[in-house]
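Q: Got a structure here, written out as structure tokens. Questions coming.
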Amino acid sequence: MSTTAAAAGPAAVQDAAALPSETGFDPALYRRFPTAGGRPAGELQALEKVWQTPSGASRLSAVNNNVIGFFFIVTAFAFFLAAGVLSLVMRVQLAAPLAGIVPQETYNQLFTMHGSVMMFLFAVPAVEAIAVMLLPQMLAARDLPFPRLSAYSYWAYAIGGTVFFSSVFFSLAPSEGWFMYPPLSSDAYSKGINADFWLLGIGFIEISAIAGAIELIVGVLRTRAPGMSLTRMPLYAWGVLIFGVMIILAFPAMIMVTFLLELERAFNWPLFDATRGRRPAAVPAPVLVLRPSRRLHHLHPRLGDGVDDGRHRGAEAAGRA
């Protein structure tokens, strides 16, 4: 180190101590460096032991962001490849429809699982996985603020996703489409426990996504390097912050809806059934667009009657003419 750099070191520390902090860090702590005298015996070895990544099977218990991020990415791409295999089977069936590659019910299950896996097991977890691995380095942080929360997020995702995807191998996958709109996903039109497996697995995955979003938001807001204000933060960190806020706003409602749908299926409660006094607004709006026919009776009796009455009036007028 040159004499100029050595002289600039203490001055740089004093300048950093004068900077305000947006993350709660006390800049006065900079005045303790550089320390005078020697370090305690065994300090370096103790620090290395604390931050050392477990080896062997114990690596599964690691909470370091690099390890958890690596687990996240590998698992997300494994689900991505599995969804690709489901897509290939569907393409083969469409290319040779008379060959009977898969039965009709199995095709519907593959269609449902492909969309569900790509959306809930790959798209959202992959973004969180890359953020868990890269965000601390971009913020000059040692790790994310809650390492065990990151581990919890991953294992909830891995276990829920495995239970969710394994239903394909036992013909227990749902066949109502990855959007699972009522009333098609209600017990009246979806018998058995297929949809219940879907709701259980999606619940785990949504909880995992919320836990990861909390980790990322707190990491951006509280673990930035001193002097790195929000306006000086990397653009990617801003994207992660907005992504986390969107998950926090959207996924709790999704968890509540999946919970309510399971309650309706388990106890026959009229939570989404317009024929038993519920409002049509309780049913997702796209159903109204995709089903403009007598099937609207499933949503609200007046909707179906209105469509059919209009047709009858049009036919009667044409007959008179």
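In the structure tokens, the first chain shown is A, the next is B, and so on; residue numbers restart at 1 for each chain, and ligands run from 1 in the order shown.
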Listing only residues of stretch 239-277 of chain A within 12 Å of stretch 177-186 of chain A, what is the closest atom pair and its distance in Å (to one decimal) for each, using only C-alpha atoms, sorted by chain and residue number ascending, as JSON lines?
A:
```
{"residue": "A:Met254", "atom": "CA", "partner": "A:Phe179", "partner_atom": "CA", "distance": 11.3}
{"residue": "A:Val257", "atom": "CA", "partner": "A:Tyr181", "partner_atom": "CA", "distance": 10.6}
{"residue": "A:Thr258", "atom": "CA", "partner": "A:Met180", "partner_atom": "CA", "distance": 9.5}
{"residue": "A:Leu260", "atom": "CA", "partner": "A:Ser186", "partner_atom": "CA", "distance": 10.9}
{"residue": "A:Leu261", "atom": "CA", "partner": "A:Ser186", "partner_atom": "CA", "distance": 7.4}
{"residue": "A:Glu262", "atom": "CA", "partner": "A:Ser186", "partner_atom": "CA", "distance": 8.7}
{"residue": "A:Leu263", "atom": "CA", "partner": "A:Ser186", "partner_atom": "CA", "distance": 10.2}
{"residue": "A:Glu264", "atom": "CA", "partner": "A:Ser186", "partner_atom": "CA", "distance": 7.3}
{"residue": "A:Arg265", "atom": "CA", "partner": "A:Ser186", "partner_atom": "CA", "distance": 6.0}
{"residue": "A:Ala266", "atom": "CA", "partner": "A:Ser186", "partner_atom": "CA", "distance": 9.8}
{"residue": "A:Phe267", "atom": "CA", "partner": "A:Ser186", "partner_atom": "CA", "distance": 11.2}
{"residue": "A:Asn268", "atom": "CA", "partner": "A:Ser186", "partner_atom": "CA", "distance": 9.0}
{"residue": "A:Trp269", "atom": "CA", "partner": "A:Ser186", "partner_atom": "CA", "distance": 10.2}
{"residue": "A:Pro270", "atom": "CA", "partner": "A:Ser186", "partner_atom": "CA", "distance": 9.9}
{"residue": "A:Leu271", "atom": "CA", "partner": "A:Pro182", "partner_atom": "CA", "distance": 9.9}
{"residue": "A:Phe272", "atom": "CA", "partner": "A:Pro182", "partner_atom": "CA", "distance": 6.6}
{"residue": "A:Asp273", "atom": "CA", "partner": "A:Pro183", "partner_atom": "CA", "distance": 6.8}
{"residue": "A:Ala274", "atom": "CA", "partner": "A:Pro183", "partner_atom": "CA", "distance": 9.0}
{"residue": "A:Thr275", "atom": "CA", "partner": "A:Pro183", "partner_atom": "CA", "distance": 10.3}
```
Q: Any chance you could export the current selection's C-alpha atoms as a PDB file, in the first residue's frame?
A:
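Written output follows (result-v8.pdb):
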```pdb
ATOM      1  CA  MET A 254     -54.367 -15.717  -2.931  1.00  0.00           C
ATOM      2  CA  VAL A 257     -58.936 -17.508  -1.621  1.00  0.00           C
ATOM      3  CA  THR A 258     -57.363 -20.978  -1.717  1.00  0.00           C
ATOM      4  CA  LEU A 260     -61.889 -20.384   1.305  1.00  0.00           C
ATOM      5  CA  LEU A 261     -62.140 -22.661  -1.713  1.00  0.00           C
ATOM      6  CA  GLU A 262     -60.911 -25.588   0.375  1.00  0.00           C
ATOM      7  CA  LEU A 263     -63.471 -24.747   3.059  1.00  0.00           C
ATOM      8  CA  GLU A 264     -66.213 -24.774   0.450  1.00  0.00           C
ATOM      9  CA  ARG A 265     -65.063 -28.129  -0.879  1.00  0.00           C
ATOM     10  CA  ALA A 266     -64.606 -29.720   2.549  1.00  0.00           C
ATOM     11  CA  PHE A 267     -67.738 -28.446   4.308  1.00  0.00           C
ATOM     12  CA  ASN A 268     -70.024 -27.596   1.365  1.00  0.00           C
ATOM     13  CA  TRP A 269     -70.101 -23.933   2.340  1.00  0.00           C
ATOM     14  CA  PRO A 270     -71.596 -21.584  -0.315  1.00  0.00           C
ATOM     15  CA  LEU A 271     -68.588 -19.270  -0.488  1.00  0.00           C
ATOM     16  CA  PHE A 272     -68.351 -19.133  -4.300  1.00  0.00           C
ATOM     17  CA  ASP A 273     -71.728 -20.595  -5.277  1.00  0.00           C
ATOM     18  CA  ALA A 274     -73.949 -17.865  -6.711  1.00  0.00           C
ATOM     19  CA  THR A 275     -76.911 -20.244  -6.896  1.00  0.00           C
TER      20      THR A 275
END
```
Q: Find the residues around A:Phe164 up to 9 Å (only C-alpha atoms counted), leave out those fewer than 2 positions away in its own chain, and share them as a short mmCIF file (atom, residue, chain, number, x, y, z; two decimals) with N, CA and C atoms, in the first residue's frame.
A:
```cif
data_model
loop_
_atom_site.label_atom_id
_atom_site.label_comp_id
_atom_site.auth_asym_id
_atom_site.auth_seq_id
_atom_site.Cartn_x
_atom_site.Cartn_y
_atom_site.Cartn_z
N MET A 113 -51.34 -29.09 -14.63
CA MET A 113 -50.07 -29.13 -13.90
C MET A 113 -48.98 -28.34 -14.63
N VAL A 117 -47.17 -25.43 -12.60
CA VAL A 117 -45.73 -25.55 -12.31
C VAL A 117 -44.97 -24.36 -12.88
N ILE A 159 -40.74 -28.71 -0.35
CA ILE A 159 -41.66 -29.75 0.13
C ILE A 159 -43.04 -29.58 -0.50
N GLY A 160 -43.55 -28.35 -0.48
CA GLY A 160 -44.87 -28.12 -1.09
C GLY A 160 -44.87 -28.42 -2.58
N GLY A 161 -43.81 -28.02 -3.28
CA GLY A 161 -43.73 -28.29 -4.71
C GLY A 161 -43.64 -29.77 -5.02
N THR A 162 -42.89 -30.51 -4.20
CA THR A 162 -42.78 -31.95 -4.43
C THR A 162 -44.11 -32.66 -4.22
N SER A 166 -46.00 -34.41 -7.32
CA SER A 166 -46.09 -35.87 -7.25
C SER A 166 -47.50 -36.38 -7.50
N SER A 167 -48.51 -35.50 -7.40
CA SER A 167 -49.87 -35.94 -7.64
C SER A 167 -50.06 -36.42 -9.08
N VAL A 168 -49.19 -35.99 -10.00
CA VAL A 168 -49.29 -36.44 -11.39
C VAL A 168 -49.08 -37.94 -11.49
N ALA A 173 -53.79 -35.44 -9.89
CA ALA A 173 -53.64 -34.04 -10.28
C ALA A 173 -55.01 -33.48 -10.69
N PHE A 197 -55.32 -31.59 -3.36
CA PHE A 197 -53.87 -31.66 -3.45
C PHE A 197 -53.31 -30.36 -4.03
N TRP A 198 -53.97 -29.86 -5.05
CA TRP A 198 -53.53 -28.62 -5.68
C TRP A 198 -53.56 -27.47 -4.67
N LEU A 199 -54.66 -27.35 -3.93
CA LEU A 199 -54.80 -26.27 -2.96
C LEU A 199 -53.78 -26.39 -1.84
N LEU A 200 -53.51 -27.60 -1.38
CA LEU A 200 -52.53 -27.79 -0.32
C LEU A 200 -51.13 -27.40 -0.79
N GLY A 201 -50.74 -27.89 -1.98
CA GLY A 201 -49.41 -27.56 -2.48
C GLY A 201 -49.24 -26.08 -2.77
N ILE A 202 -50.24 -25.46 -3.36
CA ILE A 202 -50.17 -24.04 -3.66
C ILE A 202 -50.09 -23.22 -2.37
#
```
Q: Pick from A:Met133, A:Leu172, A:Ala57, A:Leu241: nearest to A:Val220, with only C-alpha atoms counted?
A: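 Closest candidate: A:Leu241.
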Q: Can you list every residue in stretch 145-263 of chain A that DSSP puts in helix (DSSP H, G or I), as a ChimeraX atom specification?
A: /A:147-170,194-222,230-232,235-263
Q: Pick out the closest residue to A:Leu139 from this set: A:Ala99, A:Leu86, A:Ile210, A:Val218. Count only C-alpha atoms.
A: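 Result for the nearest residue to A:Leu139: A:Val218.
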Q: Report as CSV the residues of stretch 128-242 of chain A within 12 Å of stretch 26-40 of chain A, each with its shortest atom pair and distance in Å (one decimal), using only C-alpha atoms, ordered by chain and increasing residue number.
A:
```
residue,atom,partner,partner_atom,distance
A:Ala225,CA,A:Pro27,CA,11.0
A:Pro226,CA,A:Pro27,CA,7.7
A:Gly227,CA,A:Pro27,CA,9.6
```
Q: When you look at A:Gly84 with a cut-off of 12 Å (counting only C-alpha atoms), what residues show up, excluding the ones that are within fewer than 6 positions of it in the same chain? I need them as a list of chain:residue names.
A: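 These residues fall inside the cut-off: A:Phe77, A:Ala78, A:Met90, A:Arg91, A:Leu110, A:Phe111, A:Met113, A:His114, A:Gly115, A:Val117, A:Met118, A:Phe122.
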Q: The selected residues should be written to file as a compact mmCIF listing (two decimals), in the first residue's frame (atoms: all heavy atoms).
A:
```txt
# COMPACT_ATOMS: atom_id res chain seq x y z
N PHE A 77 -35.25 -24.84 -11.59
CA PHE A 77 -35.01 -25.33 -12.95
C PHE A 77 -35.36 -26.80 -13.09
O PHE A 77 -35.70 -27.25 -14.19
CB PHE A 77 -33.56 -25.08 -13.34
CG PHE A 77 -33.34 -23.72 -13.93
CD1 PHE A 77 -32.96 -22.66 -13.13
CD2 PHE A 77 -33.53 -23.48 -15.27
CE1 PHE A 77 -32.78 -21.38 -13.66
CE2 PHE A 77 -33.35 -22.22 -15.82
CZ PHE A 77 -32.97 -21.16 -15.01
N ALA A 78 -35.31 -27.57 -11.99
CA ALA A 78 -35.78 -28.95 -12.04
C ALA A 78 -37.28 -28.99 -12.31
O ALA A 78 -37.76 -29.78 -13.14
CB ALA A 78 -35.45 -29.66 -10.74
N MET A 90 -48.07 -33.38 -24.02
CA MET A 90 -49.27 -32.77 -24.60
C MET A 90 -49.09 -32.51 -26.09
O MET A 90 -50.03 -32.71 -26.89
CB MET A 90 -49.59 -31.46 -23.87
CG MET A 90 -50.09 -31.64 -22.46
SD MET A 90 -50.72 -30.11 -21.73
CE MET A 90 -49.23 -29.12 -21.65
N ARG A 91 -47.90 -32.06 -26.49
CA ARG A 91 -47.66 -31.79 -27.91
C ARG A 91 -47.73 -33.07 -28.73
O ARG A 91 -48.25 -33.08 -29.86
CB ARG A 91 -46.29 -31.13 -28.08
CG ARG A 91 -46.21 -29.73 -27.51
CD ARG A 91 -47.11 -28.78 -28.26
NE ARG A 91 -47.03 -27.42 -27.74
CZ ARG A 91 -47.75 -26.40 -28.18
NH1 ARG A 91 -48.60 -26.60 -29.16
NH2 ARG A 91 -47.63 -25.19 -27.65
N LEU A 110 -52.43 -32.98 -17.20
CA LEU A 110 -51.12 -32.47 -17.65
C LEU A 110 -51.21 -30.99 -17.99
O LEU A 110 -50.29 -30.22 -17.67
CB LEU A 110 -50.66 -33.27 -18.88
CG LEU A 110 -50.39 -34.76 -18.67
CD1 LEU A 110 -49.92 -35.39 -19.97
CD2 LEU A 110 -49.38 -34.99 -17.57
N PHE A 111 -52.30 -30.59 -18.62
CA PHE A 111 -52.48 -29.17 -18.95
C PHE A 111 -52.52 -28.32 -17.68
O PHE A 111 -51.88 -27.26 -17.60
CB PHE A 111 -53.77 -29.00 -19.75
CG PHE A 111 -54.15 -27.58 -20.00
CD1 PHE A 111 -53.57 -26.87 -21.04
CD2 PHE A 111 -55.08 -26.93 -19.20
CE1 PHE A 111 -53.91 -25.54 -21.27
CE2 PHE A 111 -55.43 -25.61 -19.43
CZ PHE A 111 -54.83 -24.92 -20.47
N MET A 113 -51.34 -29.09 -14.63
CA MET A 113 -50.07 -29.13 -13.90
C MET A 113 -48.98 -28.34 -14.63
O MET A 113 -48.14 -27.71 -13.99
CB MET A 113 -49.63 -30.57 -13.70
CG MET A 113 -50.52 -31.35 -12.74
SD MET A 113 -50.58 -30.62 -11.10
CE MET A 113 -48.89 -30.80 -10.58
N HIS A 114 -48.99 -28.36 -15.95
CA HIS A 114 -47.98 -27.60 -16.69
C HIS A 114 -48.09 -26.11 -16.38
O HIS A 114 -47.10 -25.46 -16.06
CB HIS A 114 -48.14 -27.84 -18.18
CG HIS A 114 -47.29 -26.93 -19.02
ND1 HIS A 114 -45.93 -27.08 -19.16
CD2 HIS A 114 -47.62 -25.83 -19.76
CE1 HIS A 114 -45.44 -26.12 -19.94
NE2 HIS A 114 -46.45 -25.35 -20.31
N GLY A 115 -49.30 -25.56 -16.48
CA GLY A 115 -49.47 -24.14 -16.18
C GLY A 115 -49.17 -23.82 -14.73
O GLY A 115 -48.54 -22.80 -14.42
N VAL A 117 -47.17 -25.43 -12.60
CA VAL A 117 -45.73 -25.55 -12.31
C VAL A 117 -44.97 -24.36 -12.88
O VAL A 117 -44.10 -23.79 -12.22
CB VAL A 117 -45.19 -26.89 -12.86
CG1 VAL A 117 -43.67 -26.94 -12.76
CG2 VAL A 117 -45.79 -28.05 -12.08
N MET A 118 -45.28 -23.99 -14.11
CA MET A 118 -44.55 -22.89 -14.72
C MET A 118 -44.79 -21.57 -13.99
O MET A 118 -43.88 -20.75 -13.86
CB MET A 118 -44.97 -22.75 -16.19
CG MET A 118 -44.50 -23.88 -17.07
SD MET A 118 -42.71 -24.00 -17.16
CE MET A 118 -42.30 -22.51 -18.03
N PHE A 122 -41.89 -22.21 -10.90
CA PHE A 122 -40.70 -21.76 -11.62
C PHE A 122 -40.61 -20.24 -11.70
O PHE A 122 -39.60 -19.66 -11.27
CB PHE A 122 -40.67 -22.33 -13.03
CG PHE A 122 -39.57 -21.75 -13.87
CD1 PHE A 122 -38.23 -22.06 -13.61
CD2 PHE A 122 -39.84 -20.86 -14.90
CE1 PHE A 122 -37.21 -21.49 -14.36
CE2 PHE A 122 -38.83 -20.31 -15.66
CZ PHE A 122 -37.51 -20.62 -15.38
```
Q: Determine the nearest neighbour of A:Thr112 from the options A:Ser58, A:Ser87, A:Ser150, A:Ser229, counting only C-alpha atoms.
A: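 Selected residue with least distance to A:Thr112: A:Ser87.
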Q: Please, what distance in Å, to one decimal, runs between atom CA of A:Ser153 and atom CA of A:Pro252?
A: 15.2 Å
Q: What does the distance from atom CA of A:Tyr152 to atom CA of A:Ala123 come to in Å, to one decimal?
A: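 Taking atom CA of A:Tyr152 and atom CA of A:Ala123, their separation equals 19.0 Å.
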Q: Which one of A:Ala250, A:Val85, A:Leu144, A:Val163 sits closest to A:Leu221 if you count only C-alpha atoms?
A: A:Leu144
Q: Of the residues A:Ala209, A:Val74, A:Ala195, A:Ile214, which is the one nearest to A:Ile255, using only C-alpha atoms?
A: A:Ala209
Q: Return the single residue from A:Val63, A:Ile247, A:Met233, A:Val102 that is closest to A:Pro125, with distances computed using only C-alpha atoms.
A: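 So, comparing all the options, the nearest one is A:Ile247.
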